[in-house]
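The structure file run10.txt is reproduced below (compact mmCIF, C-alpha atoms and all ligand atoms).
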# COMPACT_ATOMS: atom_id res chain seq x y z
CA MET Y 1 -37.28 11.41 -18.01
CA THR Y 2 -37.92 7.76 -17.23
CA ILE Y 3 -36.88 6.84 -13.72
CA THR Y 4 -34.27 4.13 -14.21
CA THR Y 5 -32.61 2.02 -11.55
CA ARG Y 6 -30.16 -0.80 -11.82
CA PHE Y 7 -29.13 -3.73 -9.70
CA ALA Y 8 -25.47 -4.48 -10.36
CA PRO Y 9 -24.30 -7.70 -8.74
CA SER Y 10 -20.92 -9.25 -9.42
CA PRO Y 11 -21.39 -12.92 -10.35
CA THR Y 12 -18.73 -14.11 -7.94
CA GLY Y 13 -21.14 -15.87 -5.59
CA ARG Y 14 -24.80 -16.33 -4.78
CA LEU Y 15 -26.97 -13.34 -3.88
CA HIS Y 16 -27.34 -12.98 -0.15
CA VAL Y 17 -30.00 -11.25 1.84
CA GLY Y 18 -28.20 -7.89 1.66
CA ASN Y 19 -27.99 -8.01 -2.17
CA ILE Y 20 -31.58 -9.19 -2.38
CA ARG Y 21 -32.66 -6.19 -0.34
CA THR Y 22 -30.74 -3.85 -2.67
CA ALA Y 23 -32.34 -5.50 -5.72
CA LEU Y 24 -35.76 -5.11 -4.12
CA HIS Y 25 -35.20 -1.42 -3.32
CA ASN Y 26 -34.21 -0.78 -6.93
CA TRP Y 27 -37.21 -2.70 -8.23
CA LEU Y 28 -39.65 -0.97 -5.86
CA TRP Y 29 -38.41 2.49 -6.75
CA ALA Y 30 -38.70 1.77 -10.48
CA GLN Y 31 -42.20 0.32 -10.03
CA ARG Y 32 -43.27 3.21 -7.84
CA ASN Y 33 -42.32 5.66 -10.59
CA GLY Y 34 -43.48 3.65 -13.57
CA GLY Y 35 -39.81 3.43 -14.48
CA ARG Y 36 -37.30 0.82 -15.56
CA PHE Y 37 -35.42 -1.70 -13.44
CA LEU Y 38 -32.23 -2.90 -15.12
CA LEU Y 39 -29.99 -5.78 -14.23
CA ARG Y 40 -26.31 -5.16 -14.84
CA ILE Y 41 -24.00 -8.10 -14.43
CA ASP Y 42 -20.70 -6.69 -13.16
CA ASP Y 43 -18.48 -9.36 -14.66
CA THR Y 44 -15.36 -7.39 -15.57
CA ASP Y 45 -13.34 -9.69 -13.35
CA ALA Y 46 -13.05 -12.71 -15.64
CA GLU Y 47 -11.23 -14.79 -13.06
CA ARG Y 48 -13.74 -14.46 -10.26
CA SER Y 49 -16.94 -14.27 -12.31
CA GLU Y 50 -18.70 -17.55 -13.01
CA GLU Y 51 -21.49 -18.38 -15.42
CA ARG Y 52 -23.30 -20.49 -12.85
CA PHE Y 53 -23.61 -17.43 -10.62
CA VAL Y 54 -25.00 -15.39 -13.54
CA GLU Y 55 -27.65 -18.07 -13.99
CA ALA Y 56 -28.34 -18.16 -10.27
CA ILE Y 57 -28.82 -14.37 -10.18
CA HIS Y 58 -31.45 -14.65 -12.91
CA ALA Y 59 -33.17 -17.56 -11.17
CA ASP Y 60 -33.12 -15.85 -7.77
CA LEU Y 61 -34.60 -12.63 -9.14
CA ALA Y 62 -37.27 -14.63 -10.97
CA TRP Y 63 -38.19 -16.48 -7.76
CA LEU Y 64 -38.46 -13.16 -5.94
CA GLY Y 65 -40.69 -11.77 -8.71
CA LEU Y 66 -38.21 -9.00 -9.56
CA ALA Y 67 -38.12 -9.21 -13.34
CA PRO Y 68 -35.60 -6.83 -14.92
CA ASP Y 69 -36.70 -4.74 -17.89
CA ALA Y 70 -33.32 -5.27 -19.53
CA VAL Y 71 -30.06 -7.03 -18.79
CA VAL Y 72 -26.55 -5.90 -19.69
CA ARG Y 73 -23.24 -7.56 -19.07
CA GLN Y 74 -20.15 -5.52 -18.48
CA SER Y 75 -17.96 -8.15 -20.15
CA GLU Y 76 -19.69 -7.28 -23.44
CA ARG Y 77 -19.01 -3.58 -23.13
CA PHE Y 78 -15.22 -3.31 -23.11
CA ALA Y 79 -15.16 -1.38 -26.40
CA LEU Y 80 -17.29 1.36 -24.85
CA TYR Y 81 -15.07 1.50 -21.76
CA GLN Y 82 -11.99 1.78 -23.97
CA ARG Y 83 -13.45 4.75 -25.86
CA ARG Y 84 -14.27 6.61 -22.67
CA PHE Y 85 -10.91 5.67 -21.23
CA ASP Y 86 -9.08 7.09 -24.24
CA ALA Y 87 -11.04 10.34 -23.95
CA LEU Y 88 -10.24 10.66 -20.26
CA VAL Y 89 -6.54 9.99 -20.88
CA GLU Y 90 -6.65 12.64 -23.57
CA ALA Y 91 -8.29 15.08 -21.15
CA GLY Y 92 -5.63 14.38 -18.54
CA ARG Y 93 -8.06 12.83 -16.05
CA LEU Y 94 -6.45 9.40 -16.17
CA TYR Y 95 -2.76 8.92 -15.66
CA PRO Y 96 -0.43 5.93 -15.70
CA ALA Y 97 1.20 4.83 -12.45
CA TYR Y 98 3.97 2.30 -12.16
CA GLU Y 99 4.27 1.45 -8.47
CA SER Y 100 4.10 -2.19 -7.54
CA ALA Y 101 1.66 -3.40 -4.90
CA GLN Y 102 4.60 -3.73 -2.47
CA GLU Y 103 5.73 -0.16 -3.07
CA LEU Y 104 2.24 1.17 -2.52
CA ASP Y 105 1.91 -0.88 0.62
CA LEU Y 106 5.17 0.53 1.95
CA LYS Y 107 4.06 4.10 1.20
CA ARG Y 108 0.83 3.48 3.09
CA LYS Y 109 2.67 2.03 6.08
CA ILE Y 110 5.04 4.98 6.25
CA LEU Y 111 2.16 7.48 6.24
CA LEU Y 112 0.21 5.51 8.81
CA GLY Y 113 3.35 5.27 10.95
CA ARG Y 114 3.52 9.05 10.97
CA GLY Y 115 -0.11 9.26 11.93
CA LEU Y 116 -1.11 10.57 8.48
CA PRO Y 117 -3.97 9.36 6.28
CA PRO Y 118 -2.68 6.82 3.72
CA VAL Y 119 -3.42 8.94 0.67
CA TYR Y 120 -1.57 8.19 -2.56
CA ASP Y 121 1.16 10.82 -3.06
CA ARG Y 122 0.72 11.18 -6.84
CA ALA Y 123 4.38 10.39 -7.45
CA ALA Y 124 3.40 9.00 -10.85
CA LEU Y 125 2.07 12.41 -11.92
CA ARG Y 126 5.51 13.89 -11.40
CA LEU Y 127 7.35 11.41 -13.62
CA THR Y 128 8.98 12.95 -16.64
CA GLY Y 129 8.38 11.55 -20.10
CA ALA Y 130 11.88 10.09 -20.03
CA GLU Y 131 11.31 8.36 -16.69
CA ARG Y 132 8.07 6.84 -17.97
CA ALA Y 133 9.77 5.68 -21.13
CA ALA Y 134 12.52 4.07 -19.07
CA LEU Y 135 10.00 2.21 -16.92
CA GLU Y 136 8.15 1.01 -20.00
CA ALA Y 137 11.39 -0.07 -21.59
CA GLN Y 138 12.03 -2.26 -18.54
CA GLY Y 139 8.68 -3.90 -19.25
CA THR Y 140 6.78 -2.24 -16.40
CA HIS Y 141 3.16 -1.83 -17.46
CA PRO Y 142 1.25 0.96 -15.76
CA HIS Y 143 -2.01 0.77 -13.94
CA TRP Y 144 -4.25 3.80 -14.35
CA ARG Y 145 -5.54 6.27 -11.84
CA PHE Y 146 -8.31 8.81 -12.05
CA ARG Y 147 -6.98 12.25 -11.12
CA LEU Y 148 -9.33 13.80 -8.59
CA ASP Y 149 -9.87 17.52 -8.87
CA HIS Y 150 -8.93 18.74 -5.42
CA ASP Y 151 -10.78 21.99 -5.98
CA ALA Y 152 -14.12 20.45 -6.89
CA PRO Y 153 -16.14 19.59 -3.78
CA LEU Y 154 -17.50 16.08 -3.49
CA ALA Y 155 -21.02 16.67 -2.29
CA TRP Y 156 -24.49 15.35 -2.90
CA ASP Y 157 -27.82 15.18 -1.22
CA ASP Y 158 -28.31 11.52 -0.51
CA LEU Y 159 -31.93 10.37 -0.63
CA VAL Y 160 -31.38 8.33 2.53
CA ARG Y 161 -28.48 9.98 4.32
CA GLY Y 162 -29.12 13.64 3.50
CA PRO Y 163 -26.30 16.07 2.60
CA GLN Y 164 -22.93 14.35 2.19
CA SER Y 165 -19.55 15.87 1.56
CA PHE Y 166 -16.00 14.63 1.27
CA ASP Y 167 -12.76 16.53 0.79
CA PRO Y 168 -11.11 15.18 -2.38
CA ALA Y 169 -7.68 16.13 -1.04
CA THR Y 170 -8.06 13.45 1.65
CA MET Y 171 -8.74 10.72 -0.90
CA SER Y 172 -6.38 8.72 -3.09
CA ASP Y 173 -6.80 9.00 -6.83
CA PRO Y 174 -8.66 5.75 -7.47
CA VAL Y 175 -7.10 3.04 -9.61
CA VAL Y 176 -9.53 2.33 -12.44
CA ARG Y 177 -7.57 -0.10 -14.58
CA ARG Y 178 -4.97 -2.71 -13.75
CA ALA Y 179 -1.61 -3.13 -15.42
CA ASP Y 180 -2.94 -6.12 -17.37
CA GLY Y 181 -5.64 -3.89 -18.91
CA SER Y 182 -8.50 -5.31 -16.83
CA TRP Y 183 -11.08 -2.96 -15.33
CA LEU Y 184 -11.79 -2.25 -11.73
CA TYR Y 185 -15.35 -1.59 -10.69
CA MET Y 186 -15.35 2.21 -10.37
CA LEU Y 187 -15.14 3.65 -13.88
CA PRO Y 188 -17.11 1.07 -15.91
CA SER Y 189 -19.95 1.47 -13.43
CA VAL Y 190 -20.09 5.22 -14.11
CA ILE Y 191 -19.79 4.75 -17.88
CA ASP Y 192 -22.68 2.26 -17.76
CA ASP Y 193 -24.83 4.39 -15.50
CA ILE Y 194 -24.51 7.20 -18.04
CA ASP Y 195 -25.01 4.96 -21.06
CA MET Y 196 -28.00 3.15 -19.56
CA GLY Y 197 -29.70 6.38 -18.51
CA VAL Y 198 -29.68 5.45 -14.83
CA THR Y 199 -31.41 8.18 -12.84
CA HIS Y 200 -31.12 6.62 -9.36
CA VAL Y 201 -28.23 4.64 -7.97
CA VAL Y 202 -29.63 2.68 -5.06
CA ARG Y 203 -27.16 0.62 -3.07
CA GLY Y 204 -25.75 -0.07 0.36
CA GLU Y 205 -23.88 2.48 2.45
CA ASP Y 206 -20.64 0.55 1.96
CA HIS Y 207 -20.52 2.42 -1.37
CA VAL Y 208 -20.74 5.94 0.05
CA SER Y 209 -17.07 6.78 -0.43
CA ASN Y 210 -17.17 5.28 -3.94
CA THR Y 211 -19.99 7.68 -4.73
CA ALA Y 212 -17.83 10.63 -3.71
CA LEU Y 213 -15.17 9.53 -6.20
CA GLN Y 214 -17.62 8.55 -8.90
CA LEU Y 215 -19.26 11.99 -8.81
CA GLN Y 216 -16.13 13.45 -10.37
CA MET Y 217 -16.11 10.70 -12.98
CA PHE Y 218 -19.62 11.67 -14.06
CA ALA Y 219 -18.46 15.28 -14.33
CA ALA Y 220 -15.30 14.29 -16.22
CA LEU Y 221 -17.50 12.40 -18.69
CA ASP Y 222 -19.72 15.48 -19.07
CA ALA Y 223 -22.74 13.77 -17.65
CA PRO Y 224 -25.04 14.87 -14.86
CA ALA Y 225 -24.74 12.61 -11.82
CA PRO Y 226 -27.75 10.44 -10.98
CA ALA Y 227 -29.47 10.69 -7.61
CA PHE Y 228 -28.01 8.43 -4.93
CA ALA Y 229 -29.67 6.49 -2.15
CA HIS Y 230 -27.43 4.56 0.21
CA ALA Y 231 -29.37 2.34 2.57
CA ALA Y 232 -27.94 1.50 5.97
CA LEU Y 233 -26.60 -2.02 6.09
CA LEU Y 234 -28.31 -5.07 7.51
CA THR Y 235 -27.41 -6.54 10.83
CA GLY Y 236 -28.34 -9.89 12.29
CA ALA Y 237 -31.04 -10.29 14.91
CA GLU Y 238 -28.49 -9.72 17.65
CA GLY Y 239 -27.85 -6.27 16.19
CA LYS Y 240 -24.34 -6.96 14.97
CA LEU Y 241 -23.00 -7.29 11.47
CA SER Y 242 -23.37 -10.97 11.06
CA LYS Y 243 -21.38 -13.41 8.96
CA ARG Y 244 -24.43 -15.59 8.71
CA LEU Y 245 -26.27 -12.96 6.66
CA GLY Y 246 -23.70 -13.49 3.92
CA SER Y 247 -24.78 -17.10 3.58
CA LEU Y 248 -28.53 -16.51 3.62
CA GLY Y 249 -29.90 -16.50 0.12
CA VAL Y 250 -32.78 -17.74 -1.98
CA ASP Y 251 -31.79 -21.42 -1.65
CA HIS Y 252 -31.85 -21.18 2.11
CA PHE Y 253 -35.19 -19.36 2.18
CA ARG Y 254 -36.75 -21.76 -0.27
CA GLY Y 255 -35.41 -24.76 1.60
CA SER Y 256 -36.93 -23.47 4.84
CA GLY Y 257 -40.34 -23.05 3.23
CA ILE Y 258 -40.15 -19.26 3.06
CA GLU Y 259 -42.29 -17.72 0.33
CA PRO Y 260 -40.88 -15.01 -1.95
CA GLN Y 261 -43.74 -12.75 -0.84
CA ALA Y 262 -42.52 -12.99 2.76
CA VAL Y 263 -38.95 -12.09 1.77
CA ARG Y 264 -40.26 -9.10 -0.15
CA ALA Y 265 -42.63 -7.93 2.56
CA LEU Y 266 -39.88 -8.04 5.18
CA LEU Y 267 -36.99 -6.63 3.17
CA ALA Y 268 -39.10 -3.78 1.76
CA ARG Y 269 -39.84 -2.48 5.23
CA ILE Y 270 -37.00 -3.25 7.64
CA GLY Y 271 -34.89 -0.19 8.24
CA THR Y 272 -37.83 2.10 7.40
CA SER Y 273 -40.35 3.84 9.62
CA ASP Y 274 -43.16 1.69 8.19
CA PRO Y 275 -44.32 -1.47 9.96
CA VAL Y 276 -43.54 -4.91 8.57
CA GLU Y 277 -46.88 -6.31 7.39
CA PRO Y 278 -47.86 -9.65 5.83
CA LEU Y 279 -48.51 -8.20 2.38
CA VAL Y 280 -48.84 -10.88 -0.28
CA GLU Y 281 -49.20 -8.44 -3.14
CA ALA Y 282 -46.39 -6.16 -4.21
CA ALA Y 283 -48.71 -3.23 -4.96
CA PRO Y 284 -48.98 -1.85 -1.41
CA LEU Y 285 -45.23 -2.28 -0.92
CA VAL Y 286 -44.63 -0.34 -4.12
CA ALA Y 287 -47.15 2.38 -3.27
CA GLY Y 288 -45.62 3.08 0.15
CA PHE Y 289 -41.98 2.85 -0.88
CA ASP Y 290 -39.98 6.04 -0.38
CA PHE Y 291 -36.39 6.72 0.61
CA SER Y 292 -37.62 9.41 2.99
CA ARG Y 293 -39.00 6.53 5.12
CA PHE Y 294 -35.54 5.01 5.56
CA GLY Y 295 -33.64 5.47 8.81
CA ARG Y 296 -29.90 5.88 9.22
CA ALA Y 297 -29.61 3.06 11.76
CA PRO Y 298 -28.77 -0.43 10.51
CA ALA Y 299 -31.79 -2.55 9.61
CA ARG Y 300 -32.24 -5.67 11.73
CA PHE Y 301 -32.84 -8.87 9.82
CA ASP Y 302 -34.34 -11.51 12.06
CA GLU Y 303 -35.00 -14.99 10.68
CA ALA Y 304 -37.59 -15.62 13.38
CA GLU Y 305 -39.49 -12.53 12.24
CA LEU Y 306 -39.29 -13.79 8.66
CA ALA Y 307 -40.69 -17.18 9.69
CA GLN Y 308 -43.62 -15.54 11.51
CA LEU Y 309 -44.33 -13.25 8.61
CA ASN Y 310 -44.15 -16.23 6.28
CA ALA Y 311 -46.86 -18.07 8.23
CA ARG Y 312 -49.12 -15.04 7.94
CA ILE Y 313 -48.43 -14.89 4.21
CA VAL Y 314 -49.11 -18.63 3.76
CA HIS Y 315 -52.48 -18.18 5.49
CA GLN Y 316 -53.50 -15.87 2.65
CA LEU Y 317 -52.19 -17.77 -0.39
CA ASP Y 318 -54.83 -19.11 -2.70
CA VAL Y 319 -54.75 -22.64 -3.97
CA ALA Y 320 -53.63 -21.64 -7.47
CA THR Y 321 -50.44 -20.15 -6.05
CA VAL Y 322 -49.46 -23.33 -4.23
CA ALA Y 323 -51.14 -26.06 -6.34
CA ASP Y 324 -47.91 -27.44 -7.79
CA ARG Y 325 -46.52 -27.96 -4.29
CA LEU Y 326 -49.51 -29.79 -2.82
CA PRO Y 327 -49.81 -33.58 -2.62
CA ALA Y 328 -51.78 -35.21 -5.44
CA GLY Y 329 -55.50 -35.01 -4.82
CA MET Y 330 -55.36 -32.13 -2.38
CA ASP Y 331 -57.95 -29.67 -3.66
CA GLU Y 332 -59.07 -26.16 -2.84
CA ALA Y 333 -61.38 -27.17 0.00
CA ALA Y 334 -58.60 -29.14 1.66
CA TRP Y 335 -56.09 -26.32 1.17
CA ASN Y 336 -58.49 -23.76 2.61
CA ALA Y 337 -59.21 -26.03 5.56
CA VAL Y 338 -55.60 -26.58 6.59
CA ARG Y 339 -54.08 -23.25 5.49
CA PRO Y 340 -54.68 -21.40 8.80
CA ASN Y 341 -52.61 -24.04 10.61
CA LEU Y 342 -49.53 -23.89 8.41
CA SER Y 343 -46.19 -22.20 8.88
CA THR Y 344 -45.05 -23.41 5.48
CA VAL Y 345 -46.81 -24.75 2.39
CA ALA Y 346 -44.93 -28.04 2.76
CA GLU Y 347 -46.71 -28.72 6.04
CA ALA Y 348 -49.96 -29.11 4.07
CA ALA Y 349 -48.82 -32.63 3.17
CA GLY Y 350 -48.98 -33.66 6.83
CA TRP Y 351 -52.58 -32.53 7.11
CA TRP Y 352 -53.47 -34.21 3.84
CA GLN Y 353 -52.15 -37.39 5.39
CA VAL Y 354 -54.47 -36.77 8.36
CA ILE Y 355 -57.42 -36.35 6.02
CA GLU Y 356 -56.57 -39.42 3.96
CA GLY Y 357 -55.47 -41.55 6.90
CA PRO Y 358 -54.66 -43.87 8.35
CA VAL Y 359 -54.40 -41.99 11.64
CA SER Y 360 -53.14 -43.49 14.88
CA PRO Y 361 -54.95 -41.93 17.82
CA PRO Y 362 -54.09 -42.77 21.42
CA GLU Y 363 -56.28 -45.46 22.99
CA PRO Y 364 -59.30 -43.76 24.67
CA ASP Y 365 -60.33 -44.65 28.21
CA ALA Y 366 -63.47 -46.76 28.70
CA GLU Y 367 -65.77 -43.81 29.16
CA ASP Y 368 -64.54 -42.08 26.00
CA ARG Y 369 -64.65 -45.43 24.16
CA ALA Y 370 -68.39 -45.66 24.86
CA PHE Y 371 -68.84 -42.04 23.86
CA LEU Y 372 -66.99 -42.63 20.56
CA THR Y 373 -69.05 -45.73 19.81
CA GLU Y 374 -72.15 -43.62 20.18
CA ALA Y 375 -70.55 -40.97 17.94
CA ALA Y 376 -69.82 -43.63 15.32
CA SER Y 377 -73.41 -44.79 15.15
CA LEU Y 378 -74.70 -41.22 15.00
CA ALA Y 379 -72.19 -40.37 12.27
CA ALA Y 380 -73.34 -43.39 10.28
CA THR Y 381 -76.94 -42.24 10.23
CA LEU Y 382 -77.10 -38.46 10.60
CA ASP Y 383 -77.92 -36.14 7.75
CA TRP Y 384 -74.33 -35.48 6.70
CA GLY Y 385 -75.12 -32.32 4.68
CA ALA Y 386 -72.69 -29.46 4.31
CA ASP Y 387 -71.85 -29.15 7.99
CA PRO Y 388 -71.60 -32.64 9.48
CA TRP Y 389 -69.41 -31.49 12.39
CA HIS Y 390 -72.11 -29.29 13.88
CA ALA Y 391 -74.75 -31.90 13.15
CA LEU Y 392 -72.68 -34.59 14.89
CA THR Y 393 -71.62 -32.58 17.92
CA GLY Y 394 -75.16 -31.17 18.32
CA ALA Y 395 -76.63 -34.66 18.33
CA LEU Y 396 -73.94 -35.96 20.70
CA LYS Y 397 -74.44 -33.08 23.09
CA ALA Y 398 -78.16 -33.80 23.25
CA ALA Y 399 -77.61 -37.54 23.67
CA THR Y 400 -74.75 -37.49 26.24
CA GLY Y 401 -74.96 -34.09 27.96
CA ARG Y 402 -71.24 -33.58 27.21
CA LYS Y 403 -70.08 -30.15 26.18
CA GLY Y 404 -66.85 -28.23 25.66
CA LYS Y 405 -63.58 -30.12 25.79
CA PRO Y 406 -65.02 -33.51 26.90
CA LEU Y 407 -67.32 -33.32 23.88
CA PHE Y 408 -64.81 -32.13 21.27
CA LEU Y 409 -61.40 -33.50 22.27
CA PRO Y 410 -62.15 -37.25 22.12
CA LEU Y 411 -63.72 -36.70 18.70
CA ARG Y 412 -60.76 -34.70 17.40
CA ARG Y 413 -58.33 -37.31 18.72
CA ALA Y 414 -60.19 -40.22 17.18
CA LEU Y 415 -60.72 -38.46 13.86
CA THR Y 416 -57.27 -36.93 13.42
CA GLY Y 417 -54.96 -38.68 15.87
CA MET Y 418 -54.07 -35.27 17.31
CA ASP Y 419 -55.07 -32.86 20.04
CA HIS Y 420 -54.80 -29.75 17.88
CA GLY Y 421 -55.28 -28.89 14.27
CA PRO Y 422 -57.49 -27.22 11.71
CA ASP Y 423 -61.11 -26.41 12.40
CA MET Y 424 -62.99 -29.74 12.64
CA ALA Y 425 -65.97 -28.22 10.82
CA ALA Y 426 -63.69 -27.80 7.79
CA LEU Y 427 -61.87 -31.13 8.21
CA LEU Y 428 -64.76 -33.51 8.75
CA PRO Y 429 -66.37 -33.08 5.31
CA LEU Y 430 -62.94 -33.81 3.82
CA ILE Y 431 -62.44 -36.91 5.95
CA GLY Y 432 -65.89 -38.00 4.78
CA ARG Y 433 -68.50 -40.20 6.42
CA GLU Y 434 -67.00 -43.57 5.70
CA ARG Y 435 -63.57 -42.83 7.13
CA ALA Y 436 -65.06 -40.87 10.02
CA VAL Y 437 -67.27 -43.76 11.10
CA ALA Y 438 -64.35 -46.14 10.92
CA ARG Y 439 -62.05 -43.85 12.92
CA LEU Y 440 -64.69 -43.36 15.60
CA GLY Y 441 -64.73 -47.14 15.98
CA GLY Y 442 -67.96 -47.94 14.13
N1 LIG Y 501 -20.91 -4.70 -8.50
C1 LIG Y 501 -20.99 -3.72 -7.44
C2 LIG Y 501 -21.29 -4.46 -6.15
O1 LIG Y 501 -21.82 -5.54 -6.20
C3 LIG Y 501 -22.08 -2.74 -7.76
C4 LIG Y 501 -22.16 -1.57 -6.88
C5 LIG Y 501 -23.10 -0.53 -7.45
O2 LIG Y 501 -24.31 -0.70 -7.24
O3 LIG Y 501 -22.64 0.38 -8.11
O4 LIG Y 501 -20.97 -3.98 -5.09
Write out the structure in this file as structure tokens.
Ligand code: GLU
Amino acid sequence: MTITTRFAPSPTGRLHVGNIRTALHNWLWAQRNGGRFLLRIDDTDAERSEERFVEAIHADLAWLGLAPDAVVRQSERFALYQRRFDALVEAGRLYPAYESAQELDLKRKILLGRGLPPVYDRAALRLTGAERAALEAQGTHPHWRFRLDHDAPLAWDDLVRGPQSFDPATMSDPVVRRADGSWLYMLPSVIDDIDMGVTHVVRGEDHVSNTALQLQMFAALDAPAPAFAHAALLTGAEGKLSKRLGSLGVDHFRGSGIEPQAVRALLARIGTSDPVEPLVEAAPLVAGFDFSRFGRAPARFDEAELAQLNARIVHQLDVATVADRLPAGMDEAAWNAVRPNLSTVAEAAGWWQVIEGPVSPPEPDAEDRAFLTEAASLAATLDWGADPWHALTGALKAATGRKGKPLFLPLRRALTGMDHGPDMAALLPLIGRERAVARLGG
């Protein structure tokens, strides 16, 4: 049996950090098991689904490095849903119901007013054939409900949450199809999971009660249920469910200079008992991924933690990975020299500017001016070699007796215009003798 997972977004908006985490979990589990990771576009809702969001889902997954092994679209599968629907009607598991939204709302309010759970009363099941015919004759089209078997327990061993059970008698028979014939999420999802050979349904815990209902749909369709893993939801840094999380997606991360590797490294580990580590490669994330590592408490997503992790990822990226984002002319030596000082790849351009010049250092005092003049003449004549910084500072130390900060800081300021920055031993060969002599005032 090939382990098969699926990520099933509805193309009604951009993916946000919560969806991205679900996609990643599905991808990691498939990779871990040498299995398949499928993308299912849940676009049964023609009004709310948009093609631009379908395209964005593809682009976002590609940026994250989560390539699906196959893609299916629910909007192309209505014939299959109809066949299964007909069979379930035939078997008496789907029944027509004629209540309007207002009637249903009133029923709910009455039950709630009496302190009872707002469970659908199955009035539609008690309609006689004549009553149904009369309603149809008036032009009332039914919506369709799935009849739960109140005697079949709803239980499963969740890979994250452990044993789960629900009493079907406390749940409303779910509506699976609207009066206009359009599909709600519940039944097509089960039909597809069966048809696509999905072995593991990995999603957020907001779907736990759907799972309870869907278990009976698998049984009604004579299929074994897949395994389920419901991860605890994400919260913001302040520990609360945060609206902001809903607006954080790939565009935002990209725009803030966050690398896909950082997003992956963070989202693979938050909410688990494993530490968040700056892992550039996916392999160690895949190897250590297991639902048994997941906790039940919400996972905290902290943008500041992501930014820190990102810096540690950037420090490891090789030039080939970032070449198309570097300024023209910036080569491997320059990238390697500035990389340890970056929080984002984009910041490399600032250091390239420092290397290329011009730089505008603060005016040195008279004593430092004399020191720099001496440095300029030494720089003009010394054996530049592979390590001019040590050659220059060694010679200056011997000539002036300066050491430590008074030796290094005036040089760094004159050469870069700054008090801090990349290792001068790496920068100076890139600045080169000619520019260095000029900057030192020679
Ligand atoms: N389209 C559903 C959603 O985005 C899919 C849920 C599922 O994974 O079954 O919530």
Stretch 359-363 of chain Y: which residues within 12 Å, counting all atoms listed in the file, same-chain residues fewer than 3 positions away excluded, as number ranges by chain? Y: 350-356, 366-369, 372, 409-419, 431, 435-436, 438-441
Once you count all atoms listed in the file, which residues end up no further than 12 Å from (-41.0, -11.8, 13.7) in the file's frame, shown as a list in words? Ala237, Ala262, Ala265, Leu266, Ile270, Pro275, Val276, Glu277, Pro278, Arg300, Phe301, Asp302, Glu303, Ala304, Glu305, Leu306, Ala307, Gln308, Leu309, Asn310, Ala311 and Arg312 of chain Y
Which polymer residues, protein or nucleic acid, are no farther than 6 Å from (-27.8, -7.1, -5.9), counting only C-alpha atoms, as a PyMOL selection string? chain Y and resi 7-9+19-20+22-23
For stretch 412-421 of chain Y, what centre and edge lengths in Å (one decimal) does the axis-aligned box get once 8 Å is added on each side of all its listed atoms, as JSON?
{"center_x": -57.4, "center_y": -34.6, "center_z": 16.7, "size_x": 22.7, "size_y": 27.3, "size_z": 22.6}
As a quick test: using all atoms listed in the file, which residues lie no more than 8 Å away from ligand LIG 501 (chain Y)? Give them as a compact mmCIF listing (two decimals) with C-alpha atoms, keeping the file's coordinate frame.
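Just written: pocket_11.txt:
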# COMPACT_ATOMS: atom_id res chain seq x y z
CA ARG Y 6 -30.16 -0.80 -11.82
CA PHE Y 7 -29.13 -3.73 -9.70
CA ALA Y 8 -25.47 -4.48 -10.36
CA PRO Y 9 -24.30 -7.70 -8.74
CA SER Y 10 -20.92 -9.25 -9.42
CA ASN Y 19 -27.99 -8.01 -2.17
CA ILE Y 41 -24.00 -8.10 -14.43
CA ASP Y 42 -20.70 -6.69 -13.16
CA TYR Y 185 -15.35 -1.59 -10.69
CA MET Y 186 -15.35 2.21 -10.37
CA SER Y 189 -19.95 1.47 -13.43
CA VAL Y 201 -28.23 4.64 -7.97
CA VAL Y 202 -29.63 2.68 -5.06
CA ARG Y 203 -27.16 0.62 -3.07
CA GLY Y 204 -25.75 -0.07 0.36
CA HIS Y 207 -20.52 2.42 -1.37
Using all atoms listed in the file for the distances, tell me which of Y:Pro188, Y:Pro153, Y:Pro429, Y:Gly421 is nearest to Y:Trp384.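 Of Y:Pro188, Y:Pro153, Y:Pro429, Y:Gly421, the one nearest Y:Trp384 is Y:Pro429, counting all atoms listed in the file.
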Nearest to Y:Ala133 by atom-to-atom distance, counting only C-alpha atoms, from Y:Ser209, Y:Tyr98, Y:Asp251, Y:Phe166: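 Looking at the shortest contact to Y:Ala133, the residue is Y:Tyr98.
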Pick from Y:Pro298, Y:Gly249, Y:Pro364, Y:Gly442: nearest to Y:Ala376, with only C-alpha atoms counted? Y:Gly442
For Y:Leu215, the nearest of the candidates Y:Asp86, Y:Asp149, Y:Asp121, Y:Asp195, counting only C-alpha atoms: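 So, comparing all the options, the nearest one is Y:Asp149.
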Counting all atoms listed in the file, which residue out of Y:Leu15, Y:Ala346, Y:Leu382, Y:Leu428 sits closest to Y:Ala334?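 Answer, going by the shortest atom-to-atom distance: Y:Leu428.
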Env of stretch 100-111 of chain Y: 12 Å cut, atoms = only C-alpha atoms, seq-sep filter 6 positions within chain, self excluded. Answer as number ranges by chain. Y: 117-124, 135, 140-143, 172, 175, 178-179
Keeping C-alpha atoms for every residue in the selection just given, could you write it to a file as a compact mmCIF listing (two decimals), in the coordinates of the input?
# COMPACT_ATOMS: atom_id res chain seq x y z
CA PRO Y 117 -3.97 9.36 6.28
CA PRO Y 118 -2.68 6.82 3.72
CA VAL Y 119 -3.42 8.94 0.67
CA TYR Y 120 -1.57 8.19 -2.56
CA ASP Y 121 1.16 10.82 -3.06
CA ARG Y 122 0.72 11.18 -6.84
CA ALA Y 123 4.38 10.39 -7.45
CA ALA Y 124 3.40 9.00 -10.85
CA LEU Y 135 10.00 2.21 -16.92
CA THR Y 140 6.78 -2.24 -16.40
CA HIS Y 141 3.16 -1.83 -17.46
CA PRO Y 142 1.25 0.96 -15.76
CA HIS Y 143 -2.01 0.77 -13.94
CA SER Y 172 -6.38 8.72 -3.09
CA VAL Y 175 -7.10 3.04 -9.61
CA ARG Y 178 -4.97 -2.71 -13.75
CA ALA Y 179 -1.61 -3.13 -15.42
